[in-house]
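*Asks:* Pasting data.pdb below, which is PDB, C-alpha atoms.
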ATOM      1  CA  MET A   1       5.238  -5.460  23.219
ATOM      2  CA  ASN A   2       1.461  -5.925  23.109
ATOM      3  CA  THR A   3       0.139  -3.693  20.320
ATOM      4  CA  VAL A   4      -3.518  -3.964  21.354
ATOM      5  CA  GLY A   5      -4.935  -0.441  21.421
ATOM      6  CA  LYS A   6      -2.229   0.903  19.140
ATOM      7  CA  LYS A   7      -3.238   2.557  15.881
ATOM      8  CA  MET A   8      -2.108   2.356  12.274
ATOM      9  CA  GLY A   9      -2.628   4.959   9.587
ATOM     10  CA  VAL A  10      -1.574   5.713   6.021
ATOM     11  CA  PHE A  11       0.057   8.881   4.683
ATOM     12  CA  LEU A  12      -0.861  10.078   1.208
ATOM     13  CA  GLY A  13       1.662  12.678   0.130
ATOM     14  CA  GLY A  14       2.556  14.663  -2.904
ATOM     15  CA  THR A  15       3.592  11.615  -4.931
ATOM     16  CA  PHE A  16       0.043  10.541  -5.742
ATOM     17  CA  ALA A  17      -0.957  14.149  -6.359
ATOM     18  CA  GLN A  18       1.714  14.618  -9.028
ATOM     19  CA  ASP A  19       1.030  11.426 -10.982
ATOM     20  CA  PRO A  20       1.222  12.406 -14.688
ATOM     21  CA  GLY A  21      -1.922  10.412 -15.435
ATOM     22  CA  LEU A  22      -3.996  12.054 -12.719
ATOM     23  CA  THR A  23      -7.196  13.699 -13.960
ATOM     24  CA  ASN A  24      -8.699  14.856 -10.655
ATOM     25  CA  LEU A  25      -6.774  15.097  -7.401
ATOM     26  CA  VAL A  26      -9.767  14.896  -5.073
ATOM     27  CA  ASP A  27     -11.295  11.929  -6.874
ATOM     28  CA  ARG A  28      -8.006  10.021  -6.653
ATOM     29  CA  ALA A  29      -7.574  10.839  -2.965
ATOM     30  CA  VAL A  30     -11.072   9.538  -2.273
ATOM     31  CA  GLU A  31     -10.361   6.356  -4.271
ATOM     32  CA  LEU A  32      -7.223   5.697  -2.228
ATOM     33  CA  ALA A  33      -9.092   6.419   0.997
ATOM     34  CA  HIS A  34     -11.695   3.827   0.028
ATOM     35  CA  GLU A  35      -8.838   1.332  -0.504
ATOM     36  CA  VAL A  36      -7.433   2.153   2.919
ATOM     37  CA  ALA A  37     -10.816   1.740   4.600
ATOM     38  CA  ASP A  38     -11.501  -1.507   2.740
ATOM     39  CA  ALA A  39      -8.172  -2.788   4.082
ATOM     40  CA  GLY A  40      -9.379  -2.147   7.620
ATOM     41  CA  ILE A  41      -7.167   0.856   8.380
ATOM     42  CA  ARG A  42      -8.916   3.794   9.964
ATOM     43  CA  THR A  43      -6.734   6.898   9.466
ATOM     44  CA  VAL A  44      -5.464   8.750   6.398
ATOM     45  CA  TRP A  45      -3.022  11.670   6.632
ATOM     46  CA  PHE A  46      -2.313  14.325   3.999
ATOM     47  CA  GLY A  47       0.834  16.393   3.602
ATOM     48  CA  GLN A  48       0.940  20.089   2.774
ATOM     49  CA  ALA A  49       3.119  21.242  -0.105
ATOM     50  CA  ALA A  50       2.685  23.902  -2.804
ATOM     51  CA  ASP A  51      -0.150  22.173  -4.676
ATOM     52  CA  TYR A  52      -3.313  21.118  -2.828
ATOM     53  CA  ASP A  53      -4.556  22.396   0.528
ATOM     54  CA  ALA A  54      -4.169  19.646   3.139
ATOM     55  CA  PRO A  55      -6.963  20.584   5.600
ATOM     56  CA  GLN A  56      -9.404  21.073   2.741
ATOM     57  CA  LEU A  57      -8.477  17.771   1.090
ATOM     58  CA  ALA A  58      -8.725  15.973   4.438
ATOM     59  CA  ALA A  59     -12.199  17.434   4.930
ATOM     60  CA  LEU A  60     -13.362  16.351   1.475
ATOM     61  CA  VAL A  61     -11.942  12.847   1.798
ATOM     62  CA  GLY A  62     -13.242  12.359   5.327
ATOM     63  CA  ARG A  63     -16.676  13.495   4.210
ATOM     64  CA  ALA A  64     -16.667  11.029   1.311
ATOM     65  CA  GLU A  65     -15.309   8.080   3.324
ATOM     66  CA  PRO A  66     -16.966   7.989   6.766
ATOM     67  CA  ARG A  67     -15.061   4.887   7.914
ATOM     68  CA  ILE A  68     -11.795   6.767   8.408
ATOM     69  CA  GLY A  69     -10.343   9.559  10.467
ATOM     70  CA  VAL A  70      -8.245  12.147   8.637
ATOM     71  CA  GLY A  71      -5.419  14.477   9.514
ATOM     72  CA  THR A  72      -2.689  16.754   8.206
ATOM     73  CA  SER A  73       0.963  15.777   8.347
ATOM     74  CA  VAL A  74       1.835  18.558   8.418
ATOM     75  CA  VAL A  75       0.825  22.158   7.745
ATOM     76  CA  PRO A  76       3.722  24.613   8.217
ATOM     77  CA  THR A  77       2.776  27.263  10.759
ATOM     78  CA  TYR A  78       4.504  30.039   8.856
ATOM     79  CA  PRO A  79       3.239  32.131   7.149
ATOM     80  CA  ARG A  80      -0.268  30.646   7.628
ATOM     81  CA  HIS A  81      -1.900  32.742  10.343
ATOM     82  CA  PRO A  82      -3.529  30.806  13.209
ATOM     83  CA  LEU A  83      -6.870  32.510  12.490
ATOM     84  CA  LEU A  84      -6.851  31.022   8.988
ATOM     85  CA  LEU A  85      -5.602  27.600  10.015
ATOM     86  CA  ALA A  86      -8.074  27.349  12.902
ATOM     87  CA  ALA A  87     -10.933  28.193  10.544
ATOM     88  CA  ALA A  88      -9.815  25.477   8.116
ATOM     89  CA  ALA A  89      -9.400  22.916  10.916
ATOM     90  CA  LYS A  90     -12.808  23.619  12.439
ATOM     91  CA  THR A  91     -14.428  23.365   9.017
ATOM     92  CA  ALA A  92     -12.721  20.001   8.501
ATOM     93  CA  GLN A  93     -13.862  18.830  11.931
ATOM     94  CA  ALA A  94     -17.463  19.734  11.132
ATOM     95  CA  ALA A  95     -17.247  18.147   7.665
ATOM     96  CA  THR A  96     -15.973  14.865   9.081
ATOM     97  CA  THR A  97     -18.210  14.852  12.185
ATOM     98  CA  GLY A  98     -15.289  14.905  14.569
ATOM     99  CA  ARG A  99     -12.736  12.737  12.733
ATOM    100  CA  PHE A 100     -10.057  15.366  12.036
ATOM    101  CA  ARG A 101      -6.647  15.886  13.632
ATOM    102  CA  LEU A 102      -4.471  18.889  12.884
ATOM    103  CA  GLY A 103      -0.766  18.243  12.422
ATOM    104  CA  VAL A 104       1.404  21.360  12.281
ATOM    105  CA  GLY A 105       5.124  21.985  12.059
ATOM    106  CA  LEU A 106       7.722  24.689  11.813
ATOM    107  CA  GLY A 107       8.603  23.683   8.271
ATOM    108  CA  ALA A 108      12.035  24.091   6.753
ATOM    109  CA  ARG A 109      13.327  27.632   6.895
ATOM    110  CA  THR A 110      15.490  27.082   3.809
ATOM    111  CA  VAL A 111      12.324  26.249   1.858
ATOM    112  CA  LEU A 112       9.795  28.677   3.333
ATOM    113  CA  GLU A 113      11.851  31.867   3.196
ATOM    114  CA  PRO A 114      12.610  31.753  -0.549
ATOM    115  CA  GLN A 115       9.148  30.358  -1.327
ATOM    116  CA  PHE A 116       7.237  33.192   0.323
ATOM    117  CA  GLY A 117       9.871  35.916   0.296
ATOM    118  CA  LEU A 118       9.393  36.530   4.008
ATOM    119  CA  PRO A 119      11.925  36.269   6.846
ATOM    120  CA  TYR A 120      11.184  33.409   9.230
ATOM    121  CA  PRO A 121      10.719  34.507  12.868
ATOM    122  CA  PRO A 122      12.657  32.898  15.752
ATOM    123  CA  GLN A 123      11.425  29.340  15.434
ATOM    124  CA  ILE A 124      10.758  28.119  18.972
ATOM    125  CA  LYS A 125       9.360  31.449  20.106
ATOM    126  CA  HIS A 126       7.077  31.434  17.076
ATOM    127  CA  LEU A 127       6.004  27.820  17.677
ATOM    128  CA  ARG A 128       5.066  28.532  21.276
ATOM    129  CA  GLU A 129       3.162  31.694  20.408
ATOM    130  CA  TYR A 130       1.439  29.985  17.511
ATOM    131  CA  LEU A 131       0.193  27.135  19.702
ATOM    132  CA  ILE A 132      -0.912  29.553  22.429
ATOM    133  CA  ALA A 133      -2.891  31.581  19.877
ATOM    134  CA  LEU A 134      -4.227  28.545  18.007
ATOM    135  CA  ARG A 135      -5.810  26.572  20.850
ATOM    136  CA  PRO A 136      -8.441  29.175  21.867
ATOM    137  CA  LEU A 137      -9.330  29.761  18.216
ATOM    138  CA  LEU A 138      -9.894  26.044  17.682
ATOM    139  CA  ASP A 139     -12.205  26.115  20.694
ATOM    140  CA  GLY A 140     -14.204  29.083  19.392
ATOM    141  CA  ASP A 141     -12.696  31.503  21.897
ATOM    142  CA  ASP A 142     -12.541  35.036  20.468
ATOM    143  CA  ALA A 143      -9.933  36.361  22.919
ATOM    144  CA  PRO A 144      -7.077  38.302  21.270
ATOM    145  CA  PHE A 145      -3.436  37.290  21.520
ATOM    146  CA  VAL A 146      -0.469  39.618  21.121
ATOM    147  CA  GLY A 147       3.003  38.119  21.057
ATOM    148  CA  GLN A 148       6.435  38.948  19.718
ATOM    149  CA  THR A 149       6.080  36.963  16.486
ATOM    150  CA  LEU A 150       2.336  37.159  15.800
ATOM    151  CA  THR A 151      -0.870  38.942  16.728
ATOM    152  CA  SER A 152      -4.361  37.474  16.605
ATOM    153  CA  ARG A 153      -7.394  39.707  17.031
ATOM    154  CA  PRO A 154     -10.558  38.009  15.749
ATOM    155  CA  ALA A 155     -12.883  40.530  14.132
ATOM    156  CA  GLY A 156     -15.954  38.407  14.765
ATOM    157  CA  PRO A 157     -17.144  35.081  16.207
ATOM    158  CA  THR A 158     -14.814  32.113  15.711
ATOM    159  CA  THR A 159     -17.196  29.286  16.566
ATOM    160  CA  VAL A 160     -18.073  26.749  13.863
ATOM    161  CA  ALA A 161     -21.236  24.721  14.406
ATOM    162  CA  GLY A 162     -20.492  21.013  14.361
ATOM    163  CA  ALA A 163     -16.753  21.392  15.002
ATOM    164  CA  VAL A 164     -16.788  18.965  17.913
ATOM    165  CA  PRO A 165     -15.067  17.455  19.743
ATOM    166  CA  GLN A 166     -12.033  19.662  20.343
ATOM    167  CA  VAL A 167      -9.605  19.437  17.401
ATOM    168  CA  PRO A 168      -6.422  17.651  18.550
ATOM    169  CA  VAL A 169      -3.178  19.402  17.606
ATOM    170  CA  LEU A 170      -0.035  17.392  16.902
ATOM    171  CA  VAL A 171       3.326  19.047  16.338
ATOM    172  CA  ALA A 172       6.063  17.745  14.044
ATOM    173  CA  ALA A 173       8.593  18.147  16.846
ATOM    174  CA  MET A 174      11.889  16.311  17.093
ATOM    175  CA  GLY A 175      14.297  18.715  18.834
ATOM    176  CA  PRO A 176      14.192  19.135  22.632
ATOM    177  CA  ARG A 177      12.758  22.669  22.686
ATOM    178  CA  ALA A 178      10.076  21.889  20.112
ATOM    179  CA  LEU A 179       9.159  18.714  22.002
ATOM    180  CA  ALA A 180       8.870  20.687  25.234
ATOM    181  CA  ALA A 181       6.475  23.115  23.531
ATOM    182  CA  ALA A 182       4.453  20.261  22.034
ATOM    183  CA  GLY A 183       4.150  18.459  25.348
ATOM    184  CA  GLU A 184       3.079  21.605  27.146
ATOM    185  CA  LEU A 185       0.761  23.117  24.528
ATOM    186  CA  ALA A 186      -0.472  20.364  22.171
ATOM    187  CA  GLU A 187      -1.903  16.874  22.205
ATOM    188  CA  GLY A 188       1.188  15.158  20.896
ATOM    189  CA  THR A 189       3.845  14.922  18.223
ATOM    190  CA  ILE A 190       3.999  13.568  14.688
ATOM    191  CA  PRO A 191       7.685  12.928  13.940
ATOM    192  CA  PHE A 192       8.851  11.746  10.537
ATOM    193  CA  LEU A 193      12.117   9.922   9.827
ATOM    194  CA  ALA A 194      12.833   9.527  13.528
ATOM    195  CA  GLY A 195      13.860   5.903  13.967
ATOM    196  CA  PRO A 196      13.023   3.616  16.904
ATOM    197  CA  ARG A 197      16.169   4.402  18.866
ATOM    198  CA  THR A 198      15.639   8.137  18.494
ATOM    199  CA  LEU A 199      12.001   7.763  19.530
ATOM    200  CA  ALA A 200      12.825   5.715  22.613
ATOM    201  CA  GLU A 201      15.834   7.714  23.788
ATOM    202  CA  GLN A 202      14.930  11.280  22.812
ATOM    203  CA  ILE A 203      11.440  12.001  21.539
ATOM    204  CA  VAL A 204       9.158   9.941  23.779
ATOM    205  CA  PRO A 205      10.865  10.853  27.082
ATOM    206  CA  ALA A 206      11.077  14.566  26.257
ATOM    207  CA  ILE A 207       7.464  15.096  25.221
ATOM    208  CA  THR A 208       6.072  12.789  27.914
ATOM    209  CA  GLU A 209       7.976  14.647  30.622
ATOM    210  CA  ALA A 210       6.831  18.031  29.279
ATOM    211  CA  ALA A 211       3.201  16.931  29.153
ATOM    212  CA  ALA A 212       3.337  15.546  32.691
ATOM    213  CA  ALA A 213       4.950  18.728  34.021
ATOM    214  CA  ALA A 214       2.144  20.762  32.431
ATOM    215  CA  GLY A 215      -0.517  18.479  33.923
ATOM    216  CA  ARG A 216      -1.593  17.254  30.502
ATOM    217  CA  PRO A 217      -2.563  13.695  29.458
ATOM    218  CA  ALA A 218      -0.002  11.338  27.971
ATOM    219  CA  PRO A 219       0.759  12.630  24.467
ATOM    220  CA  GLN A 220      -0.114  11.015  21.160
ATOM    221  CA  ILE A 221       3.066   9.976  19.370
ATOM    222  CA  VAL A 222       2.353   9.342  15.686
ATOM    223  CA  ALA A 223       5.510   8.061  13.990
ATOM    224  CA  GLY A 224       5.767   8.495  10.226
ATOM    225  CA  VAL A 225       7.555   5.452   8.803
ATOM    226  CA  PRO A 226       8.333   4.709   5.134
ATOM    227  CA  ALA A 227       7.450   1.043   4.624
ATOM    228  CA  VAL A 228       6.293  -1.318   1.886
ATOM    229  CA  VAL A 229       5.733  -5.055   1.552
ATOM    230  CA  THR A 230       7.310  -6.008  -1.753
ATOM    231  CA  ASP A 231       9.146  -8.787  -3.553
ATOM    232  CA  ASP A 232      11.836  -6.344  -4.731
ATOM    233  CA  ALA A 233      13.246  -4.449  -1.769
ATOM    234  CA  ALA A 234      16.150  -3.038  -3.786
ATOM    235  CA  ALA A 235      13.826  -1.466  -6.361
ATOM    236  CA  ALA A 236      11.665  -0.113  -3.550
ATOM    237  CA  ARG A 237      14.668   1.539  -1.932
ATOM    238  CA  SER A 238      15.667   3.124  -5.231
ATOM    239  CA  ARG A 239      12.185   4.547  -5.733
ATOM    240  CA  VAL A 240      11.864   5.818  -2.173
ATOM    241  CA  SER A 241      15.377   7.299  -2.263
ATOM    242  CA  THR A 242      14.259   9.662  -4.988
ATOM    243  CA  ALA A 243      11.187  10.715  -3.022
ATOM    244  CA  LEU A 244      13.058  11.134   0.271
ATOM    245  CA  GLY A 245      16.201  12.765  -1.097
ATOM    246  CA  PHE A 246      14.788  16.207  -0.316
ATOM    247  CA  TYR A 247      15.005  15.528   3.435
ATOM    248  CA  ASP A 248      18.724  14.830   3.273
ATOM    249  CA  SER A 249      19.235  18.537   2.551
ATOM    250  CA  ILE A 250      17.269  19.780   5.601
ATOM    251  CA  PRO A 251      19.446  20.265   8.724
ATOM    252  CA  SER A 252      16.769  19.204  11.222
ATOM    253  CA  TYR A 253      16.173  15.944   9.351
ATOM    254  CA  ARG A 254      19.885  15.306   8.906
ATOM    255  CA  ARG A 255      20.278  15.548  12.680
ATOM    256  CA  VAL A 256      17.473  13.131  13.491
ATOM    257  CA  ILE A 257      18.653  10.647  10.836
ATOM    258  CA  ALA A 258      22.205  10.834  12.190
ATOM    259  CA  SER A 259      20.944  10.263  15.741
ATOM    260  CA  GLU A 260      19.669   6.878  14.532
ATOM    261  CA  GLY A 261      23.170   6.063  13.255
ATOM    262  CA  LEU A 262      22.091   6.344   9.615
ATOM    263  CA  SER A 263      23.365   8.436   6.721
ATOM    264  CA  SER A 264      20.281   9.113   4.601
ATOM    265  CA  ALA A 265      16.504   9.276   4.862
ATOM    266  CA  ALA A 266      16.154   6.233   2.607
ATOM    267  CA  ASP A 267      17.980   4.135   5.215
ATOM    268  CA  LEU A 268      14.810   4.274   7.315
ATOM    269  CA  LEU A 269      12.732   2.485   4.691
ATOM    270  CA  ILE A 270      11.367  -0.854   5.850
ATOM    271  CA  ALA A 271      10.964  -3.032   2.752
ATOM    272  CA  GLY A 272      10.637  -6.756   2.202
ATOM    273  CA  ASP A 273       8.212  -9.546   2.921
ATOM    274  CA  GLU A 274       5.383  -9.478   5.464
ATOM    275  CA  ASP A 275       7.508 -10.736   8.362
ATOM    276  CA  THR A 276      10.277  -8.218   7.683
ATOM    277  CA  VAL A 277       7.963  -5.226   7.571
ATOM    278  CA  THR A 278       5.881  -6.383  10.538
ATOM    279  CA  ALA A 279       9.010  -6.740  12.670
ATOM    280  CA  GLY A 280      10.292  -3.352  11.556
ATOM    281  CA  LEU A 281       7.042  -1.575  12.398
ATOM    282  CA  ARG A 282       6.764  -3.305  15.772
ATOM    283  CA  ARG A 283      10.068  -1.681  16.752
ATOM    284  CA  TYR A 284       8.326   1.692  16.617
ATOM    285  CA  PHE A 285       5.584   0.537  18.955
ATOM    286  CA  ASN A 286       8.230  -0.909  21.254
ATOM    287  CA  ALA A 287       9.943   2.482  21.227
ATOM    288  CA  GLY A 288       6.813   4.215  22.501
ATOM    289  CA  ALA A 289       4.849   5.237  19.421
ATOM    290  CA  THR A 290       1.107   5.236  20.078
ATOM    291  CA  GLU A 291       0.383   5.235  16.353
ATOM    292  CA  ILE A 292       2.294   4.494  13.161
ATOM    293  CA  MET A 293       1.634   6.370   9.951
ATOM    294  CA  VAL A 294       2.929   4.269   7.056
ATOM    295  CA  THR A 295       4.282   6.565   4.352
ATOM    296  CA  HIS A 296       5.118   6.339   0.660
ATOM    297  CA  THR A 297       2.921   3.336  -0.138
ATOM    298  CA  ASP A 298       1.387   5.535  -2.850
ATOM    299  CA  LEU A 299       4.651   5.106  -4.766
ATOM    300  CA  PHE A 300       3.829   1.453  -5.409
ATOM    301  CA  ASP A 301       1.266  -0.557  -7.320
ATOM    302  CA  ALA A 302      -2.053  -1.764  -5.950
ATOM    303  CA  ARG A 303      -0.687  -5.224  -5.038
ATOM    304  CA  ASP A 304       2.166  -3.909  -2.908
ATOM    305  CA  ARG A 305      -0.119  -1.317  -1.328
ATOM    306  CA  ALA A 306      -2.660  -4.013  -0.446
ATOM    307  CA  ARG A 307       0.016  -6.245   1.080
ATOM    308  CA  THR A 308       1.389  -3.350   3.126
ATOM    309  CA  TRP A 309      -1.976  -2.216   4.336
ATOM    310  CA  ALA A 310      -2.920  -5.780   5.246
ATOM    311  CA  ILE A 311      -0.069  -6.106   7.734
ATOM    312  CA  ALA A 312      -0.818  -2.615   9.024
ATOM    313  CA  ARG A 313      -4.375  -3.753   9.711
ATOM    314  CA  ASN A 314      -3.101  -6.844  11.527
ATOM    315  CA  LEU A 315      -0.833  -4.737  13.706
TER     316      LEU A 315
END
In structure tokens, what does this structure look like?
*Replies:*
Amino acid sequence: MNTVGKKMGVFLGGTFAQDPGLTNLVDRAVELAHEVADAGIRTVWFGQAADYDAPQLAALVGRAEPRIGVGTSVVPTYPRHPLLLAAAAKTAQAATTGRFRLGVGLGARTVLEPQFGLPYPPQIKHLREYLIALRPLLDGDDAPFVGQTLTSRPAGPTTVAGAVPQVPVLVAAMGPRALAAAGELAEGTIPFLAGPRTLAEQIVPAITEAAAAAGRPAPQIVAGVPAVVTDDAAAARSRVSTALGFYDSIPSYRRVIASEGLSSAADLLIAGDEDTVTAGLRRYFNAGATEIMVTHTDLFDARDRARTWAIARNL
């Protein structure tokens, strides 16, 4: 498949943020973003966990490094109210002069409920209502929304000067009902740990059909793929297995990993020399991804990161 016009990005997750030697999270994120930009890659994504705030960090990094676009991958929709998330996204869009994309997701119920002490609402109903409420707020529309799982009544103006163009919303959707909602109500999807076969047979057709039925443009499909160019693939797998082990306990991820015919999240790692990793990443483009977000390179040293980012640039 011709990859001209396709995009490559880099995900910087919680691993770099929890480095024992770290002295300032924002400074380190900016340093890594400079490395990414120097390598010729033009997008950096930040995950949301319990430590830093992803939209805020994306705004700071995008402001400091004007050569890149930034995004979140992803912010759980619950219990973050759409009024609050829209405000953060519009601020990030203004800070980066239009280089921000907002990735959202349902999150893992088994994590969110005990973390916040709040019962999770019906997931697909909540996702649909959240996206319906979020879009007008991102556009500076003050109209109220009242649904079954949330209410949004802005108490004042919601416009943010400089928050142009319209903030794209990508949904971490992998199941059929979530993909239908994403195709109908968002600009695309940002699946993680969905392999090429699952993309080609399930994710791409479902969201593309939903978008077409809703009269929307072809969706962005940003595939998160753990990959590293390294001379020691076995050591890389061991290191990534520790980082990805969490996902093996989440039912939604177990299902999507099993649909690829694999048994664990670490099985999706692409590791080896330049030719091996290039071929592995091309399979995702062949499966219909419009963009690949290379993940977990922050687990490795500067040499392996540089080698990985170099082939990403070439793709």
*Asks:* To verify the selection step, state as a VMD selection string which residues the PyMOL selection byres ((chain A and resi 97) around 8) yields on this input.
*Replies:* chain A and resid 93 to 96 98 to 99 162 to 164
*Asks:* Have a look at A:Val169, A:Ala312, A:Ala155, A:Ala17 and name the one nearest to Leu85 of chain A; count all atoms listed in the file.
*Replies:*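 Comparing A:Val169, A:Ala312, A:Ala155, A:Ala17 against Leu85 of chain A, the winner is A:Val169.
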*Asks:* Select, from A:Arg313, A:Arg197, A:Arg283, A:Arg153, the residue with the minimum atom-to-atom distance to Met8 of chain A, counting only C-alpha atoms.
*Replies:*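 Closest candidate: A:Arg313.
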*Asks:* What lies within 10 Å of segment 111-116 of chain A using only C-alpha atoms, ignoring chain neighbours under 4 positions off, as a list of chain:residue names?
*Replies:*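 Answer for this query is A:Ala50, A:Pro76, A:Tyr78, A:Pro79, A:Leu106, A:Gly107, A:Tyr120, A:Ile250.
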*Asks:* For the structure shown, which residues end up in the PyMOL selection byres ((chain A and resi 284) around 9)? Put them as number ranges by chain, please?
*Replies:* A: 195-197, 199-200, 223, 225, 280-283, 285-292
*Asks:* If you count all atoms listed in the file, which residues fall within 6 Å of Ala271 of chain A, apart from same-chain ones fewer than 4 positions away, as a PDB file with C-alpha atoms, keeping the file's coordinate frame?
*Replies:*
ATOM      1  CA  ALA A 227       7.450   1.043   4.624  1.00  0.00           C
ATOM      2  CA  VAL A 228       6.293  -1.318   1.886  1.00  0.00           C
ATOM      3  CA  VAL A 229       5.733  -5.055   1.552  1.00  0.00           C
ATOM      4  CA  ALA A 233      13.246  -4.449  -1.769  1.00  0.00           C
TER       5      ALA A 233
END
*Asks:* Take the PyMOL selection byres ((chain A and resi 9) around 6), apply it to the structure above, and return the hits as a ChimeraX atom specification.
*Replies:* /A:8,10,43-44,293
*Asks:* Using all atoms listed in the file, which of the listed residues (A:Val146, A:Val294, A:Ala92, A:Ala279) sits closest to Leu193 of chain A?
*Replies:* A:Val294
*Asks:* Provide the atom CA of Gln48 of chain A to atom CA of Gly71 of chain A distance in Å, to one decimal place.
*Replies:* 10.8 Å
*Asks:* Nearest residue to Ala212 of chain A out of A:Ala182, A:Ala194, A:Val171, A:Ala234, using all atoms listed in the file?
*Replies:*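 Among the listed residues, the smallest separation from Ala212 of chain A belongs to A:Ala182.
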*Asks:* Could you jot down the atom CA of Gly183 of chain A to atom CA of Ser263 of chain A separation for me, Å, one decimal place?
*Replies:* 28.6 Å
*Asks:* For a quick check of understanding, using all atoms listed in the file, which of A:Gly40, A:Gly14, A:Pro226, A:Gly188 has the smallest distance to Leu269 of chain A?
*Replies:*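 Smallest distance to Leu269 of chain A is found for A:Pro226.
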*Asks:* Can you pull out every residue within 9 Å of segment 136-138 of chain A, counting all atoms listed in the file, but drop anything in the same chain fewer than 2 positions away, and send it as number ranges by chain?
*Replies:* A: 82-83, 85-87, 89-90, 132-134, 140-143, 154, 158-159, 163, 166-167
*Asks:* With a distance cut-off of 12 Å and only C-alpha atoms, select the neighbouring residues of Gly103 of chain A, excluding the residue or stretch itself and same-chain residues fewer than 5 positions from it, and output the selection as JSON, numbers by chain.
*Replies:* {"A": [45, 46, 47, 48, 54, 55, 58, 70, 71, 72, 73, 74, 75, 76, 77, 85, 86, 89, 131, 167, 168, 169, 170, 171, 172, 173, 182, 186, 187, 188, 189, 190, 191, 192, 220, 221, 222, 224]}
*Asks:* Rank A:Glu35, A:Ala29, A:Pro122, A:Phe11 by their smallest atom-to-atom distance to Arg303 of chain A, using only C-alpha atoms, and report the top residue only.
*Replies:*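 The answer is A:Glu35, which sits nearest to Arg303 of chain A.
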*Asks:* What separation in Å, quoted to one decimal, exists between atom CA of Arg80 of chain A and atom CA of Pro66 of chain A?
*Replies:*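 Taking atom CA of Arg80 of chain A as the start and atom CA of Pro66 of chain A as the end point, the length is 28.2 Å.
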*Asks:* Which polymer residues have any atom within 10 Å of an atom of segment 230-232 of chain A, counting only C-alpha atoms, with same-chain residues fewer than 2 positions away left out, as number ranges by chain?
*Replies:* A: 227-228, 234-237, 271-274, 277, 300-301, 303-305, 307-308
*Asks:* Counting only C-alpha atoms, which residues sit no farther than 6 Å from the position (15.2, 12.1, 18.0) in the file's frame? I'd like them as a list of chain:residue names.
*Replies:* A:Met174, A:Ala194, A:Thr198, A:Leu199, A:Gln202, A:Ile203, A:Val256
*Asks:* Please write segment 163-175 of chain A of the preceding block to a file containing N, CA and C atoms, as a compact mmCIF listing (two decimals), in the first residue's frame?
*Replies:*
# COMPACT_ATOMS: atom_id res chain seq x y z
N ALA A 163 -9.29 29.60 19.78
CA ALA A 163 -9.51 28.15 19.74
C ALA A 163 -10.07 27.75 18.38
N VAL A 164 -9.26 27.93 17.36
CA VAL A 164 -9.64 27.59 15.99
C VAL A 164 -8.48 26.84 15.34
N PRO A 165 -8.78 25.94 14.39
CA PRO A 165 -10.10 25.56 13.92
C PRO A 165 -10.82 24.67 14.94
N GLN A 166 -11.96 24.12 14.51
CA GLN A 166 -12.74 23.23 15.36
C GLN A 166 -11.86 22.10 15.90
N VAL A 167 -11.95 21.85 17.21
CA VAL A 167 -11.16 20.78 17.83
C VAL A 167 -11.68 19.41 17.37
N PRO A 168 -10.84 18.60 16.71
CA PRO A 168 -11.28 17.26 16.34
C PRO A 168 -11.38 16.36 17.57
N VAL A 169 -12.41 15.52 17.58
CA VAL A 169 -12.61 14.57 18.68
C VAL A 169 -12.45 13.16 18.14
N LEU A 170 -11.57 12.39 18.79
CA LEU A 170 -11.35 11.00 18.44
C LEU A 170 -11.73 10.15 19.64
N VAL A 171 -12.38 9.04 19.39
CA VAL A 171 -12.89 8.18 20.46
C VAL A 171 -12.12 6.86 20.48
N ALA A 172 -11.68 6.46 21.66
CA ALA A 172 -11.01 5.16 21.80
C ALA A 172 -12.08 4.08 21.76
N ALA A 173 -12.57 3.82 20.55
CA ALA A 173 -13.67 2.88 20.35
C ALA A 173 -13.16 1.62 19.66
N MET A 174 -13.58 0.46 20.16
CA MET A 174 -13.19 -0.78 19.52
C MET A 174 -14.36 -1.75 19.39
N GLY A 175 -15.39 -1.62 20.23
CA GLY A 175 -16.58 -2.44 20.12
C GLY A 175 -17.55 -1.84 19.11
